[in-house]
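Source file protein_13.cif; content: mmCIF, C-alpha atoms and all ligand atoms.
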```cif
data_work
#
loop_
_atom_site.label_atom_id
_atom_site.label_comp_id
_atom_site.auth_asym_id
_atom_site.auth_seq_id
_atom_site.Cartn_x
_atom_site.Cartn_y
_atom_site.Cartn_z
CA PRO D 1 0.00 0.00 0.00
CA ALA D 2 1.09 3.55 -0.71
CA THR D 3 2.16 5.99 1.99
CA THR D 4 1.19 9.63 1.51
CA THR D 5 3.85 12.23 2.34
CA TRP D 6 2.86 15.84 3.04
CA LEU D 7 5.47 18.58 2.71
CA ASP D 8 4.44 21.22 5.23
CA ALA D 9 5.60 24.81 4.95
CA TRP D 10 7.74 26.15 7.79
CA THR D 11 6.45 29.12 9.73
CA ARG D 12 8.30 32.35 8.89
CA GLN D 13 9.86 32.26 12.34
CA GLU D 14 11.05 28.69 11.94
CA GLY D 15 12.53 29.47 8.51
CA ALA D 16 14.34 32.54 9.83
CA GLU D 17 15.74 30.60 12.77
CA ARG D 18 16.99 27.80 10.54
CA ALA D 19 18.74 30.18 8.15
CA THR D 20 20.26 32.07 11.08
CA ARG D 21 21.60 28.81 12.54
CA ALA D 22 23.14 27.89 9.19
CA PHE D 23 24.69 31.38 8.99
CA VAL D 24 26.25 31.24 12.44
CA ALA D 25 27.57 27.71 11.79
CA ALA D 26 29.16 28.76 8.49
CA PHE D 27 30.50 32.23 9.32
CA GLY D 28 30.85 32.35 13.13
CA ARG D 29 28.94 35.66 13.45
CA GLU D 30 25.34 36.90 13.50
CA PRO D 31 23.62 37.91 10.24
CA ASP D 32 22.32 41.46 9.64
CA GLY D 33 18.87 39.94 9.04
CA VAL D 34 16.87 37.26 7.22
CA TRP D 35 14.99 37.67 3.95
CA SER D 36 12.80 35.06 2.26
CA ALA D 37 10.89 34.43 -0.95
CA PRO D 38 8.22 31.89 -1.95
CA GLY D 39 8.04 29.16 -4.55
CA ARG D 40 5.00 29.28 -6.83
CA VAL D 41 2.41 27.28 -8.66
CA ASN D 42 0.97 28.51 -11.91
CA LEU D 43 -2.81 28.05 -12.02
CA ILE D 44 -2.92 28.34 -15.81
CA GLY D 45 -0.94 29.99 -18.63
CA GLU D 46 1.98 27.63 -19.21
CA HIS D 47 4.83 28.26 -21.67
CA THR D 48 3.17 31.57 -22.47
CA ASP D 49 5.55 33.98 -20.68
CA TYR D 50 8.32 33.88 -23.30
CA ASN D 51 5.63 34.22 -25.98
CA GLY D 52 4.41 37.59 -24.71
CA GLY D 53 1.34 35.90 -23.18
CA LEU D 54 -0.56 35.72 -19.91
CA CYS D 55 0.17 33.64 -16.77
CA LEU D 56 -1.72 33.27 -13.50
CA PRO D 57 0.51 32.11 -10.62
CA THR D 58 0.02 32.08 -6.86
CA ALA D 59 2.83 32.12 -4.30
CA LEU D 60 3.31 29.05 -2.09
CA PRO D 61 3.55 29.25 1.68
CA HIS D 62 6.82 27.35 1.16
CA ARG D 63 9.77 29.76 1.11
CA THR D 64 13.54 29.97 0.77
CA TYR D 65 15.20 31.82 3.67
CA VAL D 66 18.47 33.73 3.34
CA ALA D 67 20.37 34.94 6.42
CA PHE D 68 22.59 37.71 5.14
CA ALA D 69 25.31 40.12 6.24
CA ARG D 70 27.27 42.76 4.34
CA ARG D 71 31.04 42.55 4.15
CA ASP D 72 33.56 45.40 3.96
CA ASP D 73 35.35 43.82 1.02
CA ASP D 74 34.39 42.38 -2.35
CA ALA D 75 34.01 38.73 -1.31
CA VAL D 76 30.79 36.76 -1.82
CA ARG D 77 30.56 33.68 0.42
CA LEU D 78 27.53 31.42 0.32
CA ALA D 79 26.53 28.55 2.59
CA SER D 80 23.56 26.22 2.35
CA ALA D 81 21.95 24.15 5.10
CA GLN D 82 21.62 21.44 2.44
CA ARG D 83 25.44 21.34 2.01
CA PRO D 84 26.97 21.76 5.47
CA GLY D 85 30.68 22.56 5.43
CA ASP D 86 30.64 23.50 1.76
CA LEU D 87 31.27 27.22 1.07
CA TRP D 88 30.71 28.74 -2.39
CA THR D 89 33.00 31.74 -2.84
CA ALA D 90 33.75 34.34 -5.49
CA SER D 91 34.65 38.00 -5.59
CA LEU D 92 31.95 40.42 -6.73
CA GLY D 93 34.11 41.78 -9.53
CA GLU D 94 34.65 38.42 -11.19
CA ILE D 95 30.96 37.39 -11.30
CA GLY D 96 29.32 37.59 -14.71
CA PRO D 97 28.05 35.55 -17.66
CA GLY D 98 30.21 32.47 -18.11
CA THR D 99 32.45 33.06 -15.08
CA VAL D 100 30.65 31.21 -12.26
CA ASP D 101 28.77 27.94 -11.93
CA GLY D 102 27.15 25.64 -9.37
CA TRP D 103 24.26 26.64 -7.11
CA GLY D 104 26.01 29.87 -6.14
CA ALA D 105 25.50 31.19 -9.67
CA TYR D 106 21.85 31.98 -8.78
CA PRO D 107 22.54 34.34 -5.84
CA ALA D 108 25.79 35.61 -7.34
CA GLY D 109 24.02 36.28 -10.64
CA VAL D 110 21.46 38.42 -8.83
CA ALA D 111 24.27 40.44 -7.23
CA TRP D 112 25.86 40.91 -10.66
CA ALA D 113 22.57 42.02 -12.24
CA LEU D 114 21.72 44.40 -9.38
CA ALA D 115 25.21 45.90 -9.50
CA ASP D 116 24.76 46.58 -13.23
CA ARG D 117 21.18 47.83 -13.43
CA ASP D 118 21.84 50.10 -16.37
CA GLY D 119 23.33 47.16 -18.27
CA ASP D 120 26.54 48.95 -19.33
CA GLY D 121 28.86 46.40 -17.71
CA ASP D 122 30.17 48.87 -15.08
CA ARG D 123 29.10 48.58 -11.51
CA ASP D 124 26.46 51.18 -10.68
CA ARG D 125 26.94 53.24 -7.55
CA THR D 126 24.43 52.70 -4.76
CA ARG D 127 23.32 55.08 -2.07
CA ASP D 128 26.11 53.71 0.12
CA GLY D 129 28.78 53.73 -2.57
CA THR D 130 30.15 50.76 -4.45
CA PRO D 131 28.23 47.49 -3.89
CA SER D 132 29.81 45.51 -1.08
CA GLY D 133 30.42 41.81 -0.88
CA PHE D 134 28.33 39.67 1.47
CA ASP D 135 27.99 36.43 3.39
CA ALA D 136 24.71 34.52 3.03
CA ALA D 137 23.35 31.22 4.33
CA VAL D 138 20.33 29.56 2.77
CA ASP D 139 17.72 27.12 4.02
CA SER D 140 14.49 26.23 2.23
CA CYS D 141 11.27 24.25 2.46
CA VAL D 142 10.55 24.70 -1.26
CA PRO D 143 11.17 21.23 -2.67
CA PHE D 144 14.12 21.24 -5.11
CA GLY D 145 13.71 20.28 -8.74
CA ALA D 146 9.94 19.96 -8.26
CA GLY D 147 8.94 22.61 -10.79
CA LEU D 148 7.85 24.87 -7.90
CA SER D 149 10.47 27.56 -8.54
CA SER D 150 13.03 26.77 -5.87
CA SER D 151 15.58 28.59 -8.07
CA ALA D 152 13.47 31.73 -8.35
CA ALA D 153 12.78 31.64 -4.60
CA LEU D 154 16.54 31.67 -3.98
CA GLU D 155 17.14 34.48 -6.50
CA CYS D 156 14.31 36.62 -5.16
CA ALA D 157 15.23 36.17 -1.47
CA VAL D 158 18.76 37.33 -2.32
CA ALA D 159 17.36 40.19 -4.41
CA VAL D 160 15.35 41.66 -1.52
CA ALA D 161 18.31 41.17 0.84
CA LEU D 162 20.64 43.04 -1.53
CA ASP D 163 17.99 45.70 -2.14
CA ASP D 164 18.15 46.50 1.57
CA ALA D 165 21.90 45.99 2.00
CA TRP D 166 22.80 48.21 -0.95
CA GLY D 167 20.05 50.76 -0.23
CA LEU D 168 18.48 50.40 -3.68
CA GLY D 169 14.87 50.90 -2.57
CA LEU D 170 13.43 48.79 -5.39
CA ALA D 171 11.45 46.38 -3.19
CA ALA D 172 9.27 49.21 -1.88
CA ASP D 173 7.62 50.24 -5.15
CA ARG D 174 9.73 49.16 -8.16
CA ARG D 175 9.57 45.41 -7.88
CA PRO D 176 9.40 44.74 -11.64
CA GLU D 177 13.00 46.05 -11.72
CA LEU D 178 14.00 43.42 -9.17
CA THR D 179 12.19 40.86 -11.30
CA ARG D 180 14.25 41.83 -14.34
CA ALA D 181 17.49 41.54 -12.36
CA CYS D 182 16.56 38.02 -11.25
CA MET D 183 15.67 37.09 -14.83
CA ARG D 184 19.04 38.38 -16.06
CA ALA D 185 20.76 36.31 -13.38
CA GLU D 186 18.98 33.19 -14.56
CA ASN D 187 19.23 33.84 -18.32
CA GLU D 188 22.72 35.32 -18.51
CA VAL D 189 24.68 33.99 -15.54
CA VAL D 190 23.04 30.60 -14.87
CA GLY D 191 22.28 30.16 -18.57
CA ALA D 192 18.67 28.88 -18.32
CA PRO D 193 16.51 30.51 -21.03
CA THR D 194 13.40 30.88 -18.84
CA GLY D 195 10.71 33.49 -19.36
CA GLY D 196 10.11 35.40 -16.11
CA LEU D 197 6.97 33.78 -14.71
CA ASP D 198 8.75 32.35 -11.68
CA GLN D 199 10.66 35.47 -10.59
CA SER D 200 7.57 37.66 -11.13
CA ALA D 201 5.43 35.32 -9.02
CA SER D 202 7.95 35.20 -6.19
CA LEU D 203 8.38 38.98 -6.03
CA LEU D 204 4.88 40.23 -6.88
CA CYS D 205 2.19 37.78 -5.66
CA THR D 206 -0.04 38.89 -2.79
CA PRO D 207 -1.72 36.70 -0.13
CA GLY D 208 -5.18 35.45 -1.02
CA HIS D 209 -4.80 36.33 -4.71
CA ALA D 210 -3.63 34.93 -7.98
CA LEU D 211 -1.46 37.27 -10.05
CA LEU D 212 -2.36 38.00 -13.66
CA LEU D 213 0.93 38.60 -15.47
CA ASP D 214 0.96 40.20 -18.91
CA PHE D 215 4.21 39.55 -20.77
CA ALA D 216 3.21 41.45 -23.94
CA PRO D 217 6.43 43.28 -24.97
CA ASP D 218 5.26 46.87 -24.42
CA THR D 219 3.33 46.37 -21.19
CA PRO D 220 4.29 49.18 -18.77
CA ASP D 221 5.50 48.14 -15.32
CA ASP D 222 2.32 49.36 -13.63
CA ALA D 223 0.13 47.12 -15.82
CA PHE D 224 2.41 44.07 -15.84
CA ALA D 225 1.08 42.33 -12.71
CA ARG D 226 -2.46 42.55 -11.36
CA PRO D 227 -3.78 40.71 -8.29
CA ARG D 228 -6.99 38.81 -9.14
CA THR D 229 -9.61 37.10 -7.04
CA PHE D 230 -8.75 33.49 -6.40
CA GLU D 231 -10.81 32.06 -3.57
CA PRO D 232 -11.19 28.33 -4.09
CA GLU D 233 -12.63 28.07 -0.57
CA ALA D 234 -15.58 30.26 -1.65
CA LEU D 235 -16.36 27.46 -4.11
CA GLY D 236 -15.82 24.72 -1.52
CA LEU D 237 -12.50 23.79 -3.16
CA THR D 238 -8.85 23.47 -2.09
CA LEU D 239 -5.71 23.70 -4.19
CA LEU D 240 -3.63 20.52 -3.88
CA VAL D 241 -0.08 20.31 -5.23
CA ILE D 242 1.34 16.97 -6.30
CA ASP D 243 5.15 16.82 -6.51
CA THR D 244 5.70 13.81 -8.76
CA ARG D 245 9.38 13.68 -7.76
CA ALA D 246 10.11 12.86 -11.38
CA GLU D 247 13.31 14.58 -12.37
CA HIS D 248 12.87 18.01 -13.87
CA SER D 249 15.49 20.33 -15.30
CA LEU D 250 15.11 23.56 -17.25
CA ALA D 251 18.72 23.92 -18.28
CA ASP D 252 18.37 20.88 -20.54
CA GLY D 253 17.64 21.23 -24.23
CA GLN D 254 13.88 20.60 -24.30
CA TYR D 255 12.79 23.90 -22.79
CA ALA D 256 15.15 25.86 -25.03
CA GLU D 257 13.93 23.93 -28.05
CA ARG D 258 10.26 24.77 -27.34
CA ARG D 259 11.18 28.40 -26.97
CA ARG D 260 13.17 28.43 -30.22
CA THR D 261 10.31 26.79 -32.15
CA CYS D 262 7.91 29.49 -30.94
CA GLU D 263 10.31 32.32 -31.77
CA ASP D 264 10.95 30.89 -35.24
CA ALA D 265 7.18 30.56 -35.80
CA ALA D 266 6.63 34.18 -34.72
CA ARG D 267 9.26 35.32 -37.23
CA ARG D 268 7.64 33.26 -39.97
CA LEU D 269 4.25 34.74 -39.15
CA GLY D 270 5.67 38.26 -39.11
CA VAL D 271 4.73 39.01 -35.48
CA ARG D 272 6.92 40.10 -32.56
CA THR D 273 5.52 37.41 -30.27
CA LEU D 274 2.82 34.74 -30.60
CA ARG D 275 0.63 36.90 -28.35
CA GLU D 276 -0.31 38.83 -31.47
CA ILE D 277 -2.04 35.76 -32.92
CA THR D 278 -5.69 35.87 -31.81
CA PRO D 279 -7.97 32.82 -31.50
CA GLU D 280 -9.84 34.18 -34.56
CA GLY D 281 -6.62 34.39 -36.57
CA LEU D 282 -5.32 31.01 -35.40
CA ASP D 283 -6.46 28.87 -38.33
CA ASP D 284 -4.82 31.17 -40.86
CA ALA D 285 -1.61 31.24 -38.84
CA LEU D 286 -1.52 27.44 -38.55
CA GLU D 287 -1.85 27.08 -42.35
CA ALA D 288 1.47 28.87 -42.74
CA LEU D 289 3.34 26.49 -40.39
CA ALA D 290 4.71 22.95 -40.55
CA ASP D 291 3.43 20.18 -38.28
CA VAL D 292 5.45 20.56 -35.05
CA ALA D 293 5.37 24.37 -35.04
CA ARG D 294 1.66 24.20 -35.79
CA ARG D 295 0.95 22.25 -32.61
CA ARG D 296 3.24 24.39 -30.46
CA VAL D 297 1.56 27.60 -31.69
CA ARG D 298 -1.91 26.12 -31.21
CA HIS D 299 -1.02 25.43 -27.57
CA VAL D 300 0.25 28.97 -26.92
CA VAL D 301 -2.70 30.76 -28.52
CA THR D 302 -5.38 28.57 -26.93
CA GLU D 303 -3.59 28.71 -23.55
CA VAL D 304 -3.62 32.51 -23.47
CA ALA D 305 -7.38 32.39 -24.18
CA ARG D 306 -7.82 29.88 -21.36
CA VAL D 307 -6.11 32.26 -18.91
CA GLU D 308 -8.61 34.96 -19.81
CA GLU D 309 -11.53 32.57 -19.34
CA PHE D 310 -10.11 31.29 -16.05
CA VAL D 311 -9.74 34.82 -14.68
CA ALA D 312 -13.30 35.65 -15.70
CA ALA D 313 -14.64 32.51 -14.01
CA ALA D 314 -12.53 33.07 -10.86
CA ASP D 315 -13.86 36.66 -10.67
CA LEU D 316 -17.39 35.25 -10.82
CA ALA D 317 -16.61 33.04 -7.85
CA GLY D 318 -16.17 36.10 -5.66
CA SER D 319 -19.25 37.87 -7.04
CA ASP D 320 -22.97 37.86 -6.31
CA GLN D 321 -23.54 35.72 -9.35
CA ALA D 322 -22.26 32.59 -7.63
CA ARG D 323 -24.38 32.58 -4.48
CA THR D 324 -26.28 29.33 -4.64
CA SER D 325 -24.46 26.05 -4.38
CA ASP D 326 -25.47 25.20 -7.95
CA GLU D 327 -23.95 28.43 -9.20
CA ARG D 328 -20.77 27.78 -7.26
CA ALA D 329 -20.55 24.25 -8.62
CA THR D 330 -20.89 25.61 -12.16
CA VAL D 331 -18.00 28.03 -11.63
CA GLY D 332 -15.84 25.30 -10.04
CA ALA D 333 -16.58 22.98 -12.95
CA ARG D 334 -15.61 25.75 -15.40
CA LEU D 335 -12.25 26.30 -13.68
CA GLY D 336 -11.68 22.56 -13.64
CA ALA D 337 -12.53 22.14 -17.32
CA LEU D 338 -10.06 24.89 -18.26
CA MET D 339 -7.34 23.18 -16.21
CA ALA D 340 -8.07 19.86 -17.90
CA ALA D 341 -7.95 21.47 -21.35
CA SER D 342 -4.65 23.15 -20.46
CA HIS D 343 -3.15 19.82 -19.43
CA ALA D 344 -4.32 18.08 -22.60
CA SER D 345 -2.84 20.87 -24.71
CA LEU D 346 0.52 20.71 -22.87
CA ARG D 347 0.54 16.92 -23.19
CA ASP D 348 -0.54 16.56 -26.81
CA ASP D 349 0.38 19.81 -28.59
CA TYR D 350 3.30 21.14 -26.55
CA GLU D 351 4.61 17.69 -25.52
CA VAL D 352 6.05 18.72 -22.15
CA SER D 353 4.17 16.31 -19.88
CA CYS D 354 5.45 12.88 -18.81
CA ALA D 355 4.01 9.62 -17.48
CA GLU D 356 4.12 10.70 -13.83
CA LEU D 357 2.37 14.04 -14.52
CA ASP D 358 -0.33 12.30 -16.56
CA THR D 359 -0.83 9.75 -13.78
CA ALA D 360 -1.15 12.53 -11.20
CA VAL D 361 -3.75 14.37 -13.29
CA GLU D 362 -5.75 11.25 -14.19
CA ALA D 363 -5.75 9.82 -10.66
CA ALA D 364 -6.67 13.14 -9.02
CA THR D 365 -9.53 13.62 -11.48
CA ALA D 366 -10.78 10.06 -10.98
CA ALA D 367 -10.71 10.66 -7.20
CA GLY D 368 -12.99 13.70 -7.51
CA ALA D 369 -10.83 16.71 -8.41
CA VAL D 370 -12.88 19.19 -10.47
CA GLY D 371 -9.76 19.75 -12.56
CA ALA D 372 -6.03 19.04 -12.59
CA ARG D 373 -3.02 19.93 -14.72
CA MET D 374 0.74 19.94 -14.77
CA THR D 375 2.21 23.23 -13.53
CA GLY D 376 5.52 24.88 -14.44
CA GLY D 377 7.88 23.85 -17.20
CA GLY D 378 6.98 20.14 -17.24
CA PHE D 379 9.15 17.11 -18.10
CA GLY D 380 8.61 16.02 -14.48
CA GLY D 381 7.95 18.37 -11.58
CA SER D 382 4.52 19.07 -10.15
CA ALA D 383 0.82 18.97 -10.94
CA ILE D 384 -2.02 20.90 -9.28
CA ALA D 385 -5.58 19.79 -8.60
CA LEU D 386 -8.66 21.67 -7.42
CA VAL D 387 -10.35 19.26 -5.03
CA PRO D 388 -13.57 19.48 -2.98
CA ARG D 389 -12.73 20.75 0.50
CA GLY D 390 -12.26 17.89 2.95
CA THR D 391 -11.19 15.40 0.27
CA GLU D 392 -7.49 16.44 0.19
CA GLN D 393 -6.31 13.33 2.02
CA ALA D 394 -8.49 10.95 0.01
CA VAL D 395 -7.36 12.44 -3.32
CA ALA D 396 -3.70 12.36 -2.21
CA ASP D 397 -4.05 8.73 -1.12
CA ALA D 398 -5.60 7.81 -4.47
CA VAL D 399 -2.81 9.55 -6.39
CA ALA D 400 -0.13 7.87 -4.24
CA GLN D 401 -1.78 4.50 -4.88
CA ALA D 402 -1.90 5.14 -8.64
CA PHE D 403 1.85 5.86 -8.55
CA VAL D 404 2.45 2.49 -6.87
CA ASP D 405 0.16 0.70 -9.35
CA ARG D 406 1.95 2.22 -12.34
CA GLY D 407 5.43 1.61 -10.96
CA HIS D 408 6.39 5.28 -10.43
CA GLY D 409 8.43 6.47 -7.44
CA ALA D 410 6.45 7.92 -4.50
CA PRO D 411 5.06 11.46 -4.98
CA ALA D 412 4.66 14.10 -2.24
CA PHE D 413 1.84 16.55 -1.55
CA LEU D 414 1.60 20.20 -0.54
CA LEU D 415 -1.29 22.47 0.37
CA ALA D 416 -1.00 25.82 -1.33
CA PRO D 417 -3.14 28.69 -0.02
CA PRO D 418 -2.13 31.77 -2.08
CA SER D 419 0.65 33.36 -0.02
CA GLY D 420 2.84 36.45 0.18
CA PRO D 421 5.86 37.69 -1.83
CA ALA D 422 9.60 38.05 -1.16
CA ASP D 423 10.18 40.14 1.94
CA ARG D 424 12.30 40.70 5.03
CA ASP D 425 11.63 38.36 7.98
CA VAL D 426 13.88 39.73 10.73
C1 LIG Q 501 9.44 27.41 -16.16
C2 LIG Q 501 10.07 28.72 -16.60
F1 LIG Q 501 11.03 29.11 -15.71
C3 LIG Q 501 9.01 29.80 -16.73
O1 LIG Q 501 9.61 30.96 -17.25
C4 LIG Q 501 7.85 29.34 -17.60
O2 LIG Q 501 8.18 29.37 -18.96
C5 LIG Q 501 7.36 27.95 -17.19
O3 LIG Q 501 8.44 27.03 -17.09
C6 LIG Q 501 6.35 27.39 -18.14
O4 LIG Q 501 5.17 28.14 -18.08
O5 LIG Q 501 8.91 27.52 -14.87
#
```
Structure translated into structure tokens:
Amino acid sequence: PATTTWLDAWTRQEGAERATRAFVAAFGREPDGVWSAPGRVNLIGEHTDYNGGLCLPTALPHRTYVAFARRDDDAVRLASAQRPGDLWTASLGEIGPGTVDGWGAYPAGVAWALADRDGDGDRDRTRDGTPSGFDAAVDSCVPFGAGLSSSAALECAVAVALDDAWGLGLAADRRPELTRACMRAENEVVGAPTGGLDQSASLLCTPGHALLLDFAPDTPDDAFARPRTFEPEALGLTLLVIDTRAEHSLADGQYAERRRTCEDAARRLGVRTLREITPEGLDDALEALADVARRRVRHVVTEVARVEEFVAAADLAGSDQARTSDERATVGARLGALMAASHASLRDDYEVSCAELDTAVEAATAAGAVGARMTGGGFGGSAIALVPRGTEQAVADAVAQAFVDRGHGAPAFLLAPPSGPADRDV
């Protein structure tokens, strides 16, 4: 029989204490403070960010905690509770594209990007003068490699720490600039060609809401991210996350290949991004494309439309129009149907699902979920399911049993009430 493992989020206090302990053990002094940032799930809008499309993430209660202290010199020293005794070191001046690797490239890349905000290659001056080096120790309850943005959580926690340490003032009211720095770290220093969903979610989500992100190229910063109603509990539903524990990596060639196919198709169609293709214009666009590109483009265009429909249905959930239990059930069923359609499109047209993700979605749905889908980049990682409140354990048990029956390794489960963004803890 299957055992069902729940991955609980730490309290903010517990996370801060753990990171502080790791800091003291590694550096023999107290940190200046602790900053943290959440992982995310994406409710719908997958592989749309780098196509100028829409995404709808929520932040997890699971966070990465960074205990941090400035240094008087240029050194960057990083410790992780997951790798006791192992220090990652570099000097600030040597960090840049192609010069660092390993896990430290994520935090170091953020420091590089924040020290070069104008992009001219010279270090920008901060309020306190030249950016200083720093010591940082990391601990996290965001599961690694689970498609829940553990990398972005690390980048964004370091970004808000550096924002304070270097007196940049971006976290207060210019968070999209922090988002761009974290994206540059990931794209240019780590070398993963990701699209910005994860860093935006970790820096911009607000508790109790989903975040509607608009990646259309000319979107101004003040229209880029809008909090939207997402109250599954008002519909008698709970968001369940299923970490399949199937290996997932974004630096491998598949993600980059999908992105390249979309960019080539956009060029062929004479548009800046696939966002410009409307559902009405889709058939004409598909005629101009060969088989594989045709399916990839069909996914992107239909997925953007599904985000719009999902947002409209989720808005209804909070309105007077969904007062009776029948009306609420109709809205829940609509959200679920859109999730199911998104999964089918990612599986069949975009080809980024895998056996474990399909098992998770099928088993959750068979056990009563109103809808389920893979979330994040795919090729392993996590799925999400909207399940009737009170059935979380039963659905999780059924999914765990299906994994045993189909010979997959054991999955793990998380509860994911929409939570808060990157911030200072102590
Ligand atoms: C990964 C990437 F990092 C995001 O940018 C996004 O493209 C996602 O896959 C797919 O929607 O999480």
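The space separating CA of Gly15 (chain D) from CA of Cys205 (chain D) comes to 19.4 Å.
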### Query
Skipping near chain neighbours, those fewer than 5 positions away, what residues fall within 8 Å of Val331 (chain D) using all atoms listed in the file, listed as a ChimeraX atom specification?
/D:235,313-314,316-317,322
### Task
Give the residue list for ligand LIG 501 (chain Q) at 6 Å, counting only C-alpha atoms and all ligand atoms, as a PyMOL selection string, sorted by chain and then by residue number.
chain D and resi 46-49+194-198+376-377
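Straight-line separation from CA of Ala337 (chain D) to CA of Ser419 (chain D): 24.5 Å.
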### Message
Could you list, as number ranges by chain, every residue within 12 Å of Leu43 (chain D), counting all atoms listed in the file and ignoring same-chain residues fewer than 2 positions away?
### Response
D: 40-41, 45-46, 54-60, 148, 197, 201, 209-213, 228, 230, 232, 239-241, 303, 306-308, 310-311, 314, 335-336, 338-340, 342-343, 371-376, 382-386, 416, 418
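Minimum distance to Gly109 (chain D) across D:Arg272, D:Val190, D:Gly147, D:Val404 (counting all atoms listed in the file) occurs at D:Val190.
The gap separating CA of Arg294 (chain D) from CA of Leu282 (chain D) is 9.8 Å, in Å to one decimal.
Proximity to Thr244 (chain D) was assessed for D:Gly133, D:Pro388, D:Gly121, D:Pro143 counting all atoms listed in the file; the smallest distance is recorded for D:Pro143.
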### Message
Applying 9 Å and all atoms listed in the file, which residues near Thr391 (chain D) remain after dropping the ones on its own chain fewer than 3 positions away? List them as a list of chain:residue names.
### Response
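Once the adjacent positions are removed, what remains is D:Thr238, D:Ala367, D:Gly368, D:Ala369, D:Val387, D:Pro388, D:Ala394, D:Val395, D:Ala396.
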#### Entry: D:Asp222, D:Asn51, D:Tyr106, D:Asn187 ranked by distance to Arg296 (chain D), top pick (using all atoms listed in the file)
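Ranking D:Asp222, D:Asn51, D:Tyr106, D:Asn187 by distance to Arg296 (chain D), first place goes to D:Asn51.
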### Task
Using all atoms listed in the file, pick whichever of D:Cys262, D:Glu231, D:Glu287, D:Asp349 has the shortest atom-to-atom distance to Gly318 (chain D).
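Closest residue, counting all atoms listed in the file: D:Glu231.
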### Task
Have a look at D:Ala360, D:Leu237, D:Ile242, D:Ala90 and name the one nearest to Leu414 (chain D); count all atoms listed in the file.
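So, comparing all the options, the nearest one is D:Ile242.
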Let me have the centre and edge lengths of the axis-aligned box enclosing all listed atoms of region 300-303 of chain D with 8 Å padding on every side, in Å to one decimal, as JSON.
```
{"center_x": -2.6, "center_y": 29.7, "center_z": -26.0, "size_x": 21.6, "size_y": 18.2, "size_z": 21.0}
```
### Message
Applying 8 Å and only C-alpha atoms, which residues near Val138 (chain D) remain after dropping the ones on its own chain fewer than 2 positions away? List them as an MDAnalysis selection string.
### Response
chainID D and resid 19 22:23 64:67 78:81 136 140
### Task
Name all residues at most 8 Å from Ser353 (chain D) (count only C-alpha atoms; drop same-chain ones fewer than 5 positions away) and give them as a PyMOL selection string.
chain D and resi 346-347+358+374+378-380
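Remark: for Arg29 (chain D), the closest of the candidate residues D:Ala137, D:Ala412, D:Val352, D:Ala265 is D:Ala137 (distances computed over only C-alpha atoms).
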Complete region 335-347 of chain D with N, CA and C atoms (output as an mmCIF file, in the frame of the given file).
```cif
data_model
loop_
_atom_site.group_PDB
_atom_site.id
_atom_site.type_symbol
_atom_site.label_atom_id
_atom_site.label_comp_id
_atom_site.auth_asym_id
_atom_site.auth_seq_id
_atom_site.Cartn_x
_atom_site.Cartn_y
_atom_site.Cartn_z
ATOM 1 N N LEU D 335 -13.689 26.215 -13.974
ATOM 2 C CA LEU D 335 -12.250 26.300 -13.680
ATOM 3 C C LEU D 335 -11.580 24.956 -13.941
ATOM 4 N N GLY D 336 -12.240 23.901 -13.477
ATOM 5 C CA GLY D 336 -11.680 22.560 -13.640
ATOM 6 C C GLY D 336 -11.548 22.174 -15.100
ATOM 7 N N ALA D 337 -12.565 22.501 -15.896
ATOM 8 C CA ALA D 337 -12.530 22.140 -17.320
ATOM 9 C C ALA D 337 -11.393 22.880 -18.029
ATOM 10 N N LEU D 338 -11.162 24.132 -17.639
ATOM 11 C CA LEU D 338 -10.060 24.890 -18.260
ATOM 12 C C LEU D 338 -8.715 24.282 -17.880
ATOM 13 N N MET D 339 -8.588 23.832 -16.621
ATOM 14 C CA MET D 339 -7.340 23.180 -16.210
ATOM 15 C C MET D 339 -7.129 21.888 -17.000
ATOM 16 N N ALA D 340 -8.185 21.121 -17.156
ATOM 17 C CA ALA D 340 -8.070 19.860 -17.900
ATOM 18 C C ALA D 340 -7.681 20.116 -19.347
ATOM 19 N N ALA D 341 -8.274 21.147 -19.953
ATOM 20 C CA ALA D 341 -7.950 21.470 -21.350
ATOM 21 C C ALA D 341 -6.505 21.944 -21.468
ATOM 22 N N SER D 342 -6.044 22.688 -20.461
ATOM 23 C CA SER D 342 -4.650 23.150 -20.460
ATOM 24 C C SER D 342 -3.716 21.945 -20.405
ATOM 25 N N HIS D 343 -4.030 21.001 -19.532
ATOM 26 C CA HIS D 343 -3.150 19.820 -19.430
ATOM 27 C C HIS D 343 -3.111 19.048 -20.744
ATOM 28 N N ALA D 344 -4.273 18.841 -21.343
ATOM 29 C CA ALA D 344 -4.320 18.080 -22.600
ATOM 30 C C ALA D 344 -3.493 18.780 -23.680
ATOM 31 N N SER D 345 -3.573 20.104 -23.712
ATOM 32 C CA SER D 345 -2.840 20.870 -24.710
ATOM 33 C C SER D 345 -1.323 20.775 -24.473
ATOM 34 N N LEU D 346 -0.913 20.830 -23.210
ATOM 35 C CA LEU D 346 0.520 20.710 -22.870
ATOM 36 C C LEU D 346 1.026 19.297 -23.162
ATOM 37 N N ARG D 347 0.159 18.325 -22.954
ATOM 38 C CA ARG D 347 0.540 16.920 -23.190
ATOM 39 C C ARG D 347 0.610 16.619 -24.691
#
```
